[in-house]
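Source file query11.cif; content: mmCIF, N, CA and C atoms and all ligand atoms.
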```
data_run
#
loop_
_atom_site.label_atom_id
_atom_site.label_comp_id
_atom_site.auth_asym_id
_atom_site.auth_seq_id
_atom_site.Cartn_x
_atom_site.Cartn_y
_atom_site.Cartn_z
N MET A 1 9.37 -11.06 4.20
CA MET A 1 8.38 -11.55 3.24
C MET A 1 7.15 -12.09 3.96
N LYS A 2 6.00 -11.65 3.55
CA LYS A 2 4.76 -12.08 4.21
C LYS A 2 4.37 -13.48 3.78
N HIS A 3 3.66 -14.13 4.65
CA HIS A 3 3.16 -15.47 4.38
C HIS A 3 1.63 -15.42 4.51
N ILE A 4 0.96 -16.33 3.81
CA ILE A 4 -0.50 -16.34 3.84
C ILE A 4 -1.03 -16.47 5.28
N ASP A 5 -0.29 -17.21 6.13
CA ASP A 5 -0.72 -17.39 7.53
C ASP A 5 -0.73 -16.06 8.30
N ASP A 6 0.25 -15.21 8.00
CA ASP A 6 0.32 -13.90 8.68
C ASP A 6 -0.94 -13.11 8.35
N ILE A 7 -1.33 -13.18 7.08
CA ILE A 7 -2.48 -12.39 6.64
C ILE A 7 -3.77 -12.98 7.20
N GLN A 8 -3.80 -14.31 7.27
CA GLN A 8 -4.95 -14.96 7.89
C GLN A 8 -5.12 -14.48 9.34
N LYS A 9 -4.01 -14.36 10.05
CA LYS A 9 -4.05 -13.86 11.44
C LYS A 9 -4.55 -12.42 11.48
N GLU A 10 -4.03 -11.61 10.57
CA GLU A 10 -4.47 -10.20 10.52
C GLU A 10 -5.97 -10.10 10.28
N LEU A 11 -6.47 -10.94 9.36
CA LEU A 11 -7.91 -10.95 9.08
C LEU A 11 -8.69 -11.38 10.31
N LYS A 12 -8.21 -12.44 10.93
CA LYS A 12 -8.91 -13.00 12.08
C LYS A 12 -8.98 -11.99 13.23
N ALA A 13 -7.86 -11.28 13.43
CA ALA A 13 -7.80 -10.28 14.50
C ALA A 13 -8.85 -9.20 14.27
N LYS A 14 -9.26 -9.03 13.03
CA LYS A 14 -10.25 -8.00 12.71
C LYS A 14 -11.61 -8.61 12.39
N ASP A 15 -11.77 -9.88 12.80
CA ASP A 15 -13.05 -10.58 12.64
C ASP A 15 -13.46 -10.87 11.21
N TYR A 16 -12.48 -11.08 10.35
CA TYR A 16 -12.79 -11.48 8.99
C TYR A 16 -12.24 -12.87 8.74
N LYS A 17 -12.94 -13.60 7.89
CA LYS A 17 -12.50 -14.96 7.56
C LYS A 17 -11.66 -14.96 6.29
N MET A 18 -10.79 -15.95 6.21
CA MET A 18 -10.05 -16.17 4.97
C MET A 18 -10.93 -17.05 4.08
N THR A 19 -11.70 -16.43 3.21
CA THR A 19 -12.54 -17.22 2.30
C THR A 19 -11.67 -17.72 1.14
N PRO A 20 -12.14 -18.75 0.40
CA PRO A 20 -11.33 -19.24 -0.73
C PRO A 20 -10.99 -18.14 -1.73
N GLN A 21 -11.98 -17.25 -2.00
CA GLN A 21 -11.70 -16.16 -2.95
C GLN A 21 -10.63 -15.21 -2.42
N ARG A 22 -10.76 -14.85 -1.17
CA ARG A 22 -9.76 -13.94 -0.57
C ARG A 22 -8.38 -14.58 -0.64
N LYS A 23 -8.34 -15.90 -0.37
CA LYS A 23 -7.06 -16.59 -0.35
C LYS A 23 -6.40 -16.54 -1.74
N ILE A 24 -7.17 -16.79 -2.78
CA ILE A 24 -6.61 -16.77 -4.14
C ILE A 24 -6.06 -15.38 -4.46
N ILE A 25 -6.83 -14.35 -4.08
CA ILE A 25 -6.41 -12.98 -4.38
C ILE A 25 -5.14 -12.61 -3.59
N ILE A 26 -5.13 -12.97 -2.31
CA ILE A 26 -3.97 -12.65 -1.48
C ILE A 26 -2.74 -13.43 -1.95
N ASP A 27 -2.95 -14.70 -2.30
CA ASP A 27 -1.86 -15.52 -2.85
C ASP A 27 -1.24 -14.86 -4.07
N PHE A 28 -2.10 -14.31 -4.90
CA PHE A 28 -1.62 -13.68 -6.12
C PHE A 28 -0.72 -12.48 -5.78
N PHE A 29 -1.11 -11.70 -4.77
CA PHE A 29 -0.26 -10.59 -4.34
C PHE A 29 1.06 -11.08 -3.75
N LEU A 30 0.97 -12.19 -3.00
CA LEU A 30 2.19 -12.73 -2.39
C LEU A 30 3.18 -13.18 -3.47
N LYS A 31 2.64 -13.65 -4.59
CA LYS A 31 3.51 -14.13 -5.66
C LYS A 31 4.01 -13.00 -6.55
N HIS A 32 3.42 -11.83 -6.44
CA HIS A 32 3.83 -10.70 -7.28
C HIS A 32 4.08 -9.46 -6.42
N PRO A 33 5.00 -9.59 -5.45
CA PRO A 33 5.17 -8.49 -4.49
C PRO A 33 5.72 -7.21 -5.11
N GLU A 34 6.40 -7.35 -6.24
CA GLU A 34 7.06 -6.18 -6.82
C GLU A 34 6.11 -5.37 -7.70
N LYS A 35 4.93 -5.92 -7.94
CA LYS A 35 4.03 -5.28 -8.88
C LYS A 35 3.02 -4.39 -8.16
N HIS A 36 2.51 -3.44 -8.91
CA HIS A 36 1.47 -2.55 -8.40
C HIS A 36 0.23 -2.89 -9.19
N LEU A 37 -0.59 -3.73 -8.60
CA LEU A 37 -1.65 -4.38 -9.37
C LEU A 37 -2.97 -3.64 -9.26
N SER A 38 -3.65 -3.55 -10.39
CA SER A 38 -5.00 -2.98 -10.39
C SER A 38 -6.00 -4.12 -10.25
N ALA A 39 -7.25 -3.77 -9.95
CA ALA A 39 -8.30 -4.79 -9.82
C ALA A 39 -8.40 -5.61 -11.11
N GLU A 40 -8.25 -4.93 -12.25
CA GLU A 40 -8.34 -5.63 -13.53
C GLU A 40 -7.19 -6.63 -13.70
N ASP A 41 -5.97 -6.19 -13.33
CA ASP A 41 -4.81 -7.10 -13.40
C ASP A 41 -5.07 -8.36 -12.58
N VAL A 42 -5.56 -8.14 -11.36
CA VAL A 42 -5.79 -9.25 -10.45
C VAL A 42 -6.88 -10.15 -11.02
N PHE A 43 -7.96 -9.55 -11.49
CA PHE A 43 -9.09 -10.29 -12.02
C PHE A 43 -8.68 -11.20 -13.18
N LEU A 44 -7.91 -10.65 -14.14
CA LEU A 44 -7.52 -11.43 -15.32
C LEU A 44 -6.74 -12.68 -14.93
N GLU A 45 -5.92 -12.57 -13.87
CA GLU A 45 -5.10 -13.71 -13.46
C GLU A 45 -5.87 -14.68 -12.56
N VAL A 46 -6.62 -14.15 -11.59
CA VAL A 46 -7.27 -15.07 -10.64
C VAL A 46 -8.40 -15.85 -11.30
N LYS A 47 -8.99 -15.29 -12.34
CA LYS A 47 -10.09 -16.04 -12.95
C LYS A 47 -9.57 -17.26 -13.72
N LYS A 48 -8.26 -17.27 -14.01
CA LYS A 48 -7.65 -18.47 -14.59
C LYS A 48 -7.58 -19.57 -13.54
N ILE A 49 -7.41 -19.18 -12.30
CA ILE A 49 -7.32 -20.15 -11.20
C ILE A 49 -8.71 -20.58 -10.76
N ASN A 50 -9.60 -19.60 -10.64
CA ASN A 50 -10.97 -19.90 -10.25
C ASN A 50 -11.93 -19.06 -11.09
N PRO A 51 -12.53 -19.69 -12.11
CA PRO A 51 -13.40 -18.93 -13.03
C PRO A 51 -14.65 -18.37 -12.35
N ASP A 52 -14.94 -18.81 -11.12
CA ASP A 52 -16.13 -18.30 -10.42
C ASP A 52 -15.92 -16.91 -9.83
N ILE A 53 -14.69 -16.46 -9.76
CA ILE A 53 -14.43 -15.15 -9.16
C ILE A 53 -14.77 -14.06 -10.18
N GLY A 54 -15.67 -13.17 -9.79
CA GLY A 54 -16.06 -12.07 -10.67
C GLY A 54 -15.26 -10.82 -10.36
N LEU A 55 -15.33 -9.87 -11.29
CA LEU A 55 -14.62 -8.60 -11.09
C LEU A 55 -15.13 -7.88 -9.84
N ALA A 56 -16.45 -7.97 -9.59
CA ALA A 56 -17.02 -7.30 -8.41
C ALA A 56 -16.42 -7.86 -7.12
N THR A 57 -16.21 -9.17 -7.09
CA THR A 57 -15.60 -9.80 -5.90
C THR A 57 -14.17 -9.29 -5.71
N VAL A 58 -13.46 -9.17 -6.83
CA VAL A 58 -12.08 -8.68 -6.75
C VAL A 58 -12.08 -7.24 -6.21
N TYR A 59 -12.96 -6.39 -6.76
CA TYR A 59 -13.06 -5.01 -6.26
C TYR A 59 -13.35 -4.98 -4.77
N ARG A 60 -14.37 -5.75 -4.36
CA ARG A 60 -14.76 -5.75 -2.94
C ARG A 60 -13.63 -6.24 -2.05
N THR A 61 -12.96 -7.30 -2.49
CA THR A 61 -11.88 -7.87 -1.68
C THR A 61 -10.72 -6.87 -1.54
N LEU A 62 -10.37 -6.22 -2.64
CA LEU A 62 -9.27 -5.26 -2.59
C LEU A 62 -9.63 -4.07 -1.70
N GLU A 63 -10.88 -3.61 -1.80
CA GLU A 63 -11.33 -2.52 -0.93
C GLU A 63 -11.24 -2.92 0.53
N LEU A 64 -11.69 -4.14 0.82
CA LEU A 64 -11.66 -4.63 2.20
C LEU A 64 -10.21 -4.70 2.70
N LEU A 65 -9.33 -5.28 1.89
CA LEU A 65 -7.93 -5.43 2.32
C LEU A 65 -7.27 -4.06 2.48
N ALA A 66 -7.70 -3.10 1.69
CA ALA A 66 -7.17 -1.74 1.84
C ALA A 66 -7.72 -1.10 3.12
N ASP A 67 -9.02 -1.30 3.39
CA ASP A 67 -9.63 -0.78 4.62
C ASP A 67 -8.95 -1.35 5.85
N LEU A 68 -8.57 -2.62 5.76
CA LEU A 68 -7.92 -3.29 6.89
C LEU A 68 -6.43 -2.98 6.94
N GLU A 69 -5.97 -2.17 5.99
CA GLU A 69 -4.57 -1.74 5.90
C GLU A 69 -3.61 -2.89 5.65
N ILE A 70 -4.14 -3.95 5.05
CA ILE A 70 -3.26 -5.04 4.63
C ILE A 70 -2.65 -4.67 3.27
N LEU A 71 -3.47 -4.09 2.43
CA LEU A 71 -2.98 -3.55 1.16
C LEU A 71 -3.03 -2.03 1.22
N LYS A 72 -2.19 -1.44 0.41
CA LYS A 72 -2.20 0.02 0.28
C LYS A 72 -2.77 0.34 -1.09
N LYS A 73 -3.73 1.26 -1.09
CA LYS A 73 -4.38 1.65 -2.35
C LYS A 73 -3.67 2.89 -2.87
N MET A 74 -3.25 2.83 -4.12
CA MET A 74 -2.49 3.95 -4.66
C MET A 74 -3.12 4.46 -5.94
N ASN A 75 -3.00 5.75 -6.13
CA ASN A 75 -3.52 6.37 -7.34
C ASN A 75 -2.35 6.98 -8.10
N PHE A 76 -2.06 6.43 -9.26
CA PHE A 76 -0.97 6.96 -10.09
C PHE A 76 -1.53 7.80 -11.23
N ASP A 77 -2.78 8.25 -11.06
CA ASP A 77 -3.42 9.14 -12.04
C ASP A 77 -3.48 8.53 -13.44
N ASP A 78 -3.59 7.21 -13.53
CA ASP A 78 -3.72 6.60 -14.85
C ASP A 78 -5.09 5.94 -14.99
N GLY A 79 -6.04 6.44 -14.20
CA GLY A 79 -7.41 5.99 -14.37
C GLY A 79 -7.78 4.73 -13.61
N LYS A 80 -6.85 4.18 -12.82
CA LYS A 80 -7.21 3.01 -12.03
C LYS A 80 -6.42 3.02 -10.73
N PHE A 81 -6.99 2.40 -9.72
CA PHE A 81 -6.26 2.27 -8.47
C PHE A 81 -5.36 1.05 -8.56
N ARG A 82 -4.24 1.13 -7.88
CA ARG A 82 -3.34 -0.02 -7.82
C ARG A 82 -3.07 -0.34 -6.36
N TYR A 83 -2.71 -1.57 -6.14
CA TYR A 83 -2.54 -2.03 -4.76
C TYR A 83 -1.20 -2.71 -4.57
N GLU A 84 -0.64 -2.53 -3.38
CA GLU A 84 0.54 -3.30 -2.97
C GLU A 84 0.43 -3.53 -1.47
N PHE A 85 1.24 -4.44 -0.93
CA PHE A 85 1.19 -4.66 0.51
C PHE A 85 1.57 -3.38 1.24
N SER A 86 0.87 -3.11 2.33
CA SER A 86 1.03 -1.80 2.97
C SER A 86 2.28 -1.72 3.85
N ASN A 87 2.81 -2.84 4.26
CA ASN A 87 3.96 -2.75 5.17
C ASN A 87 5.29 -2.97 4.47
N GLU A 88 5.32 -2.65 3.18
CA GLU A 88 6.59 -2.71 2.45
C GLU A 88 7.53 -1.65 3.03
N GLU A 89 8.80 -1.79 2.69
CA GLU A 89 9.76 -0.75 3.02
C GLU A 89 9.29 0.56 2.40
N GLU A 90 9.60 1.65 3.06
CA GLU A 90 9.29 2.97 2.50
C GLU A 90 9.92 3.10 1.12
N HIS A 91 9.10 3.34 0.11
CA HIS A 91 9.68 3.51 -1.22
C HIS A 91 8.80 4.45 -2.05
N HIS A 92 9.36 4.88 -3.13
CA HIS A 92 8.67 5.83 -4.00
C HIS A 92 8.55 5.23 -5.39
N HIS A 93 7.86 5.94 -6.25
CA HIS A 93 7.54 5.36 -7.56
C HIS A 93 7.87 6.27 -8.73
N LEU A 94 8.44 5.66 -9.75
CA LEU A 94 8.60 6.32 -11.05
C LEU A 94 7.53 5.71 -11.96
N ILE A 95 6.70 6.54 -12.55
CA ILE A 95 5.58 6.03 -13.32
C ILE A 95 5.76 6.39 -14.79
N CYS A 96 5.82 5.36 -15.63
CA CYS A 96 6.03 5.61 -17.06
C CYS A 96 4.70 5.91 -17.74
N LEU A 97 4.65 7.04 -18.42
CA LEU A 97 3.43 7.44 -19.12
C LEU A 97 3.30 6.73 -20.46
N GLY A 98 4.39 6.06 -20.89
CA GLY A 98 4.36 5.37 -22.17
C GLY A 98 3.79 3.97 -22.05
N CYS A 99 4.27 3.20 -21.06
CA CYS A 99 3.89 1.79 -20.98
C CYS A 99 3.27 1.43 -19.64
N ASP A 100 3.04 2.44 -18.77
CA ASP A 100 2.42 2.20 -17.46
C ASP A 100 3.32 1.45 -16.49
N GLU A 101 4.59 1.29 -16.83
CA GLU A 101 5.46 0.59 -15.90
C GLU A 101 5.65 1.44 -14.64
N VAL A 102 5.72 0.75 -13.50
CA VAL A 102 5.97 1.45 -12.25
C VAL A 102 7.27 0.92 -11.67
N ILE A 103 8.22 1.81 -11.46
CA ILE A 103 9.52 1.42 -10.94
C ILE A 103 9.62 1.96 -9.51
N GLU A 104 10.05 1.09 -8.60
CA GLU A 104 10.19 1.52 -7.20
C GLU A 104 11.60 1.99 -6.94
N PHE A 105 11.71 2.98 -6.08
CA PHE A 105 13.05 3.36 -5.64
C PHE A 105 13.03 3.83 -4.20
N GLU A 106 14.19 3.70 -3.57
CA GLU A 106 14.35 4.19 -2.20
C GLU A 106 15.49 5.19 -2.23
N ASN A 107 15.41 6.16 -1.39
CA ASN A 107 16.48 7.15 -1.35
C ASN A 107 16.51 7.81 0.01
N GLU A 108 17.65 7.63 0.70
CA GLU A 108 17.75 8.15 2.06
C GLU A 108 17.76 9.67 2.10
N VAL A 109 18.33 10.27 1.07
CA VAL A 109 18.38 11.73 1.04
C VAL A 109 16.96 12.30 1.01
N LEU A 110 16.10 11.64 0.24
CA LEU A 110 14.70 12.08 0.17
C LEU A 110 14.02 11.95 1.52
N GLU A 111 14.32 10.86 2.22
CA GLU A 111 13.71 10.65 3.54
C GLU A 111 14.13 11.75 4.50
N SER A 112 15.44 12.10 4.49
CA SER A 112 15.86 13.13 5.44
C SER A 112 15.36 14.50 5.00
N LEU A 113 15.24 14.69 3.71
CA LEU A 113 14.66 15.95 3.21
C LEU A 113 13.21 16.08 3.70
N ALA A 114 12.47 14.98 3.63
CA ALA A 114 11.08 14.99 4.10
C ALA A 114 11.04 15.38 5.59
N ASN A 115 12.00 14.85 6.38
CA ASN A 115 12.05 15.20 7.80
C ASN A 115 12.34 16.68 8.02
N VAL A 116 13.28 17.19 7.23
CA VAL A 116 13.64 18.61 7.36
C VAL A 116 12.42 19.48 7.07
N ILE A 117 11.70 19.16 6.00
CA ILE A 117 10.53 19.94 5.62
C ILE A 117 9.45 19.86 6.70
N ALA A 118 9.23 18.65 7.21
CA ALA A 118 8.21 18.47 8.24
C ALA A 118 8.56 19.27 9.49
N GLN A 119 9.83 19.20 9.89
CA GLN A 119 10.26 19.92 11.09
C GLN A 119 10.09 21.42 10.94
N LYS A 120 10.47 21.91 9.78
CA LYS A 120 10.41 23.34 9.50
C LYS A 120 8.97 23.86 9.67
N HIS A 121 8.01 23.02 9.32
CA HIS A 121 6.61 23.44 9.40
C HIS A 121 5.91 22.92 10.65
N GLY A 122 6.67 22.31 11.55
CA GLY A 122 6.09 21.73 12.75
C GLY A 122 5.00 20.73 12.40
N PHE A 123 5.25 19.97 11.35
CA PHE A 123 4.23 19.09 10.81
C PHE A 123 4.59 17.64 11.11
N LYS A 124 3.61 16.90 11.64
CA LYS A 124 3.87 15.48 11.90
C LYS A 124 3.40 14.67 10.70
N VAL A 125 4.36 14.11 10.00
CA VAL A 125 4.03 13.34 8.79
C VAL A 125 3.71 11.90 9.18
N VAL A 126 2.58 11.39 8.75
CA VAL A 126 2.26 9.98 9.01
C VAL A 126 2.46 9.11 7.78
N ASP A 127 2.43 9.73 6.63
CA ASP A 127 2.63 8.96 5.41
C ASP A 127 3.06 9.92 4.31
N HIS A 128 3.91 9.46 3.44
CA HIS A 128 4.21 10.28 2.29
C HIS A 128 4.61 9.39 1.14
N GLN A 129 4.39 9.89 -0.04
CA GLN A 129 4.66 9.13 -1.25
C GLN A 129 5.06 10.09 -2.33
N LEU A 130 6.13 9.76 -2.99
CA LEU A 130 6.60 10.62 -4.06
C LEU A 130 6.39 9.92 -5.39
N LYS A 131 5.83 10.63 -6.35
CA LYS A 131 5.60 10.03 -7.66
C LYS A 131 6.27 10.88 -8.72
N PHE A 132 7.10 10.26 -9.52
CA PHE A 132 7.70 10.94 -10.65
C PHE A 132 7.05 10.41 -11.92
N TYR A 133 6.55 11.29 -12.75
CA TYR A 133 5.94 10.86 -14.01
C TYR A 133 6.90 11.13 -15.16
N GLY A 134 6.98 10.19 -16.08
CA GLY A 134 7.87 10.39 -17.22
C GLY A 134 7.88 9.18 -18.10
N TYR A 135 9.04 8.91 -18.70
CA TYR A 135 9.14 7.78 -19.64
C TYR A 135 10.32 6.90 -19.27
N CYS A 136 10.09 5.61 -19.21
CA CYS A 136 11.12 4.67 -18.80
C CYS A 136 12.16 4.52 -19.91
N LYS A 137 13.24 3.81 -19.57
CA LYS A 137 14.35 3.61 -20.50
C LYS A 137 13.85 2.99 -21.81
N ASN A 138 13.04 1.94 -21.69
CA ASN A 138 12.51 1.26 -22.88
C ASN A 138 11.77 2.22 -23.79
N CYS A 139 10.90 3.00 -23.19
CA CYS A 139 10.06 3.90 -23.98
C CYS A 139 10.89 5.00 -24.64
N THR A 140 11.86 5.53 -23.92
CA THR A 140 12.66 6.61 -24.51
C THR A 140 13.56 6.07 -25.62
N GLN A 141 13.95 4.79 -25.50
CA GLN A 141 14.78 4.21 -26.56
C GLN A 141 13.96 3.91 -27.81
N LYS A 142 12.71 3.46 -27.59
CA LYS A 142 11.84 3.08 -28.70
C LYS A 142 11.49 4.26 -29.59
N GLY A 143 10.93 5.27 -28.99
CA GLY A 143 10.46 6.39 -29.80
C GLY A 143 11.06 7.68 -29.30
N LYS A 144 11.52 8.50 -30.22
CA LYS A 144 12.10 9.78 -29.80
C LYS A 144 10.97 10.80 -29.55
N ASP A 145 9.75 10.43 -29.91
CA ASP A 145 8.63 11.36 -29.78
C ASP A 145 8.48 11.92 -28.35
N TYR A 146 8.92 11.12 -27.37
CA TYR A 146 8.71 11.54 -25.99
C TYR A 146 9.68 12.62 -25.55
N ILE A 147 10.81 12.66 -26.22
CA ILE A 147 11.88 13.55 -25.69
C ILE A 147 11.72 14.97 -26.23
ZN ZN B 1 7.76 2.86 -20.45
ZN ZN B 2 5.51 0.32 -4.65
#
```
Now that the file is in, can you turn its structure into structure tokens?
Ligand SMILES: [Zn+2]
Ligand SMILES: [Zn+2]
Amino acid sequence: MKHIDDIQKELKAKDYKMTPQRKIIIDFFLKHPEKHLSAEDVFLEVKKINPDIGLATVYRTLELLADLEILKKMNFDDGKFRYEFSNEEEHHHLICLGCDEVIEFENEVLESLANVIAQKHGFKVVDHQLKFYGYCKNCTQKGKDYI
């Protein structure tokens, strides 16, 4: 589990300061590690803590943290980017088209399959992400329209 001090060190090593706004935003991620947060999600919550933080600041901060590889920027094709800490365990995502829920999963068979495919093509994989689109348990139970 990451601590704010670790991130402060990472910022410092790259010549960036931990400003109060950055701290609030990073704290928010630390408190919601399981979530895949968009700039809007972050903005709605952090402005309750500090009403001076604007959406533009949140966008800029998230871009910076992604550039510094502290956060990972992800596109789940739902019209917004989402962010999570970049050094999480290797995991993949199930994305619900009904309620936007994102479920994480890990699977060793998938990892070894990825290795087999890479080897077969003499390809050096540096990153990979698998996304399954569909409907979560809640959504399929609620309405049969999806099935
Ligand atoms: Zn759902
Ligand atoms: Zn994730």
Contacts with ligand ZN 1 (chain B) at most 6.5 Å, all atoms listed in the file counted, listed as a list of chain:residue names: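 Sorted by chain and then by number, the residues are A:Cys96, A:Leu97, A:Gly98, A:Cys99, A:Asp100, A:Glu101, A:Tyr135, A:Cys136, A:Lys137, A:Asn138, A:Cys139, A:Thr140.
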Those same residues, written as a PDB file, in the frame of the given file with N, CA and C atoms?
```pdb
ATOM      1  N   CYS A  96       5.820   5.360 -15.630  1.00  0.00           N
ATOM      2  CA  CYS A  96       6.030   5.610 -17.060  1.00  0.00           C
ATOM      3  C   CYS A  96       4.700   5.910 -17.740  1.00  0.00           C
ATOM      4  N   LEU A  97       4.650   7.040 -18.420  1.00  0.00           N
ATOM      5  CA  LEU A  97       3.430   7.440 -19.120  1.00  0.00           C
ATOM      6  C   LEU A  97       3.300   6.730 -20.460  1.00  0.00           C
ATOM      7  N   GLY A  98       4.390   6.060 -20.890  1.00  0.00           N
ATOM      8  CA  GLY A  98       4.360   5.370 -22.170  1.00  0.00           C
ATOM      9  C   GLY A  98       3.790   3.970 -22.050  1.00  0.00           C
ATOM     10  N   CYS A  99       4.270   3.200 -21.060  1.00  0.00           N
ATOM     11  CA  CYS A  99       3.890   1.790 -20.980  1.00  0.00           C
ATOM     12  C   CYS A  99       3.270   1.430 -19.640  1.00  0.00           C
ATOM     13  N   ASP A 100       3.040   2.440 -18.770  1.00  0.00           N
ATOM     14  CA  ASP A 100       2.420   2.200 -17.460  1.00  0.00           C
ATOM     15  C   ASP A 100       3.320   1.450 -16.490  1.00  0.00           C
ATOM     16  N   GLU A 101       4.590   1.290 -16.830  1.00  0.00           N
ATOM     17  CA  GLU A 101       5.460   0.590 -15.900  1.00  0.00           C
ATOM     18  C   GLU A 101       5.650   1.440 -14.640  1.00  0.00           C
ATOM     19  N   TYR A 135       9.040   8.910 -18.700  1.00  0.00           N
ATOM     20  CA  TYR A 135       9.140   7.780 -19.640  1.00  0.00           C
ATOM     21  C   TYR A 135      10.320   6.900 -19.270  1.00  0.00           C
ATOM     22  N   CYS A 136      10.090   5.610 -19.210  1.00  0.00           N
ATOM     23  CA  CYS A 136      11.120   4.670 -18.800  1.00  0.00           C
ATOM     24  C   CYS A 136      12.160   4.520 -19.910  1.00  0.00           C
ATOM     25  N   LYS A 137      13.240   3.810 -19.570  1.00  0.00           N
ATOM     26  CA  LYS A 137      14.350   3.610 -20.500  1.00  0.00           C
ATOM     27  C   LYS A 137      13.850   2.990 -21.810  1.00  0.00           C
ATOM     28  N   ASN A 138      13.040   1.940 -21.690  1.00  0.00           N
ATOM     29  CA  ASN A 138      12.510   1.260 -22.880  1.00  0.00           C
ATOM     30  C   ASN A 138      11.770   2.220 -23.790  1.00  0.00           C
ATOM     31  N   CYS A 139      10.900   3.000 -23.190  1.00  0.00           N
ATOM     32  CA  CYS A 139      10.060   3.900 -23.980  1.00  0.00           C
ATOM     33  C   CYS A 139      10.890   5.000 -24.640  1.00  0.00           C
ATOM     34  N   THR A 140      11.860   5.530 -23.920  1.00  0.00           N
ATOM     35  CA  THR A 140      12.660   6.610 -24.510  1.00  0.00           C
ATOM     36  C   THR A 140      13.560   6.070 -25.620  1.00  0.00           C
TER      37      THR A 140
END
```
Shell of 8 Å around Ser86 in chain A, all atoms listed in the file, local chain residues under 2 positions omitted, as a CSV table (one decimal) with N, CA and C atoms, keeping the file's coordinate frame:
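And here is the file that came out, part05.csv:
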```csv
chain,number,residue,atom,x,y,z
A,69,GLU,N,-6.0,-2.2,6.0
A,69,GLU,CA,-4.6,-1.7,5.9
A,69,GLU,C,-3.6,-2.9,5.6
A,70,ILE,N,-4.1,-4.0,5.0
A,70,ILE,CA,-3.3,-5.0,4.6
A,70,ILE,C,-2.6,-4.7,3.3
A,71,LEU,N,-3.5,-4.1,2.4
A,71,LEU,CA,-3.0,-3.6,1.2
A,71,LEU,C,-3.0,-2.0,1.2
A,72,LYS,N,-2.2,-1.4,0.4
A,72,LYS,CA,-2.2,0.0,0.3
A,72,LYS,C,-2.8,0.3,-1.1
A,73,LYS,N,-3.7,1.3,-1.1
A,73,LYS,CA,-4.4,1.6,-2.4
A,73,LYS,C,-3.7,2.9,-2.9
A,83,TYR,N,-2.7,-1.6,-6.1
A,83,TYR,CA,-2.5,-2.0,-4.8
A,83,TYR,C,-1.2,-2.7,-4.6
A,84,GLU,N,-0.6,-2.5,-3.4
A,84,GLU,CA,0.5,-3.3,-3.0
A,84,GLU,C,0.4,-3.5,-1.5
A,88,GLU,N,5.3,-2.6,3.2
A,88,GLU,CA,6.6,-2.7,2.4
A,88,GLU,C,7.5,-1.6,3.0
A,89,GLU,N,8.8,-1.8,2.7
A,89,GLU,CA,9.8,-0.8,3.0
A,89,GLU,C,9.3,0.6,2.4
```
Give the residue list for ligand ZN 2 (chain B) at 7 Å, counting only C-alpha atoms and all ligand atoms, as a compact mmCIF listing (two decimals) with N, CA and C atoms, in the frame of the given file, sorted by chain and then by residue number.
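selection.txt, freshly written:
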```txt
# COMPACT_ATOMS: atom_id res chain seq x y z
N HIS A 36 2.51 -3.44 -8.91
CA HIS A 36 1.47 -2.55 -8.40
C HIS A 36 0.23 -2.89 -9.19
N GLU A 84 -0.64 -2.53 -3.38
CA GLU A 84 0.54 -3.30 -2.97
C GLU A 84 0.43 -3.53 -1.47
N HIS A 91 9.10 3.34 0.11
CA HIS A 91 9.68 3.51 -1.22
C HIS A 91 8.80 4.45 -2.05
N HIS A 92 9.36 4.88 -3.13
CA HIS A 92 8.67 5.83 -4.00
C HIS A 92 8.55 5.23 -5.39
N HIS A 93 7.86 5.94 -6.25
CA HIS A 93 7.54 5.36 -7.56
C HIS A 93 7.87 6.27 -8.73
N GLU A 104 10.05 1.09 -8.60
CA GLU A 104 10.19 1.52 -7.20
C GLU A 104 11.60 1.99 -6.94
```
All residues 8 Å or closer to Phe76 in chain A, all atoms listed in the file, same chain fewer than 6 positions away omitted, as JSON, numbers by chain: {"A": [82, 95, 131]}
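Put simply, atom N of Ile4 in chain A is 17.1 Å away from CA of Lys35 in chain A.
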Between CA of Gly54 in chain A and atom C of Lys2 in chain A, distance in Å (one decimal): 25.1 Å
CA of Gly134 in chain A to CA of Asn75 in chain A, distance in Å rounded to a single decimal: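 Distance between the two atoms: 15.6 Å.
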Helix (DSSP H, G or I) per DSSP on the backbone: members of chain A, as a ChimeraX atom specification: /A:4-13,20-31,39-49,55-67,108-120,137-142,144-146
Strand (DSSP E or B) per DSSP on the backbone: members of chain A, as a ChimeraX atom specification: /A:37-38,71-75,81-85,92-96,102-105,131-134
Close residues, range 13-19 of chain A itself excluded, 8 Å, all atoms listed in the file, min 6 positions apart in chain, as a ChimeraX atom specification: /A:7,25,68
Kindly save the residues from that selection, with N, CA and C atoms included, as an mmCIF file, in the frame of the given file.
```
data_model
loop_
_atom_site.group_PDB
_atom_site.id
_atom_site.type_symbol
_atom_site.label_atom_id
_atom_site.label_comp_id
_atom_site.auth_asym_id
_atom_site.auth_seq_id
_atom_site.Cartn_x
_atom_site.Cartn_y
_atom_site.Cartn_z
ATOM 1 N N ILE A 7 -1.330 -13.180 7.080
ATOM 2 C CA ILE A 7 -2.480 -12.390 6.640
ATOM 3 C C ILE A 7 -3.770 -12.980 7.200
ATOM 4 N N ILE A 25 -6.830 -14.350 -4.080
ATOM 5 C CA ILE A 25 -6.410 -12.980 -4.380
ATOM 6 C C ILE A 25 -5.140 -12.610 -3.590
ATOM 7 N N LEU A 68 -8.570 -2.620 5.760
ATOM 8 C CA LEU A 68 -7.920 -3.290 6.890
ATOM 9 C C LEU A 68 -6.430 -2.980 6.940
#
```
Shell around Ala39 in chain A at 12 Å using only C-alpha atoms, local window under 4 positions removed, as JSON, numbers by chain: {"A": [25, 28, 29, 43, 44, 45, 46, 47, 54, 55, 56, 57, 58, 59, 60, 61, 62, 63, 73, 74, 79, 80, 81, 82, 83, 84]}
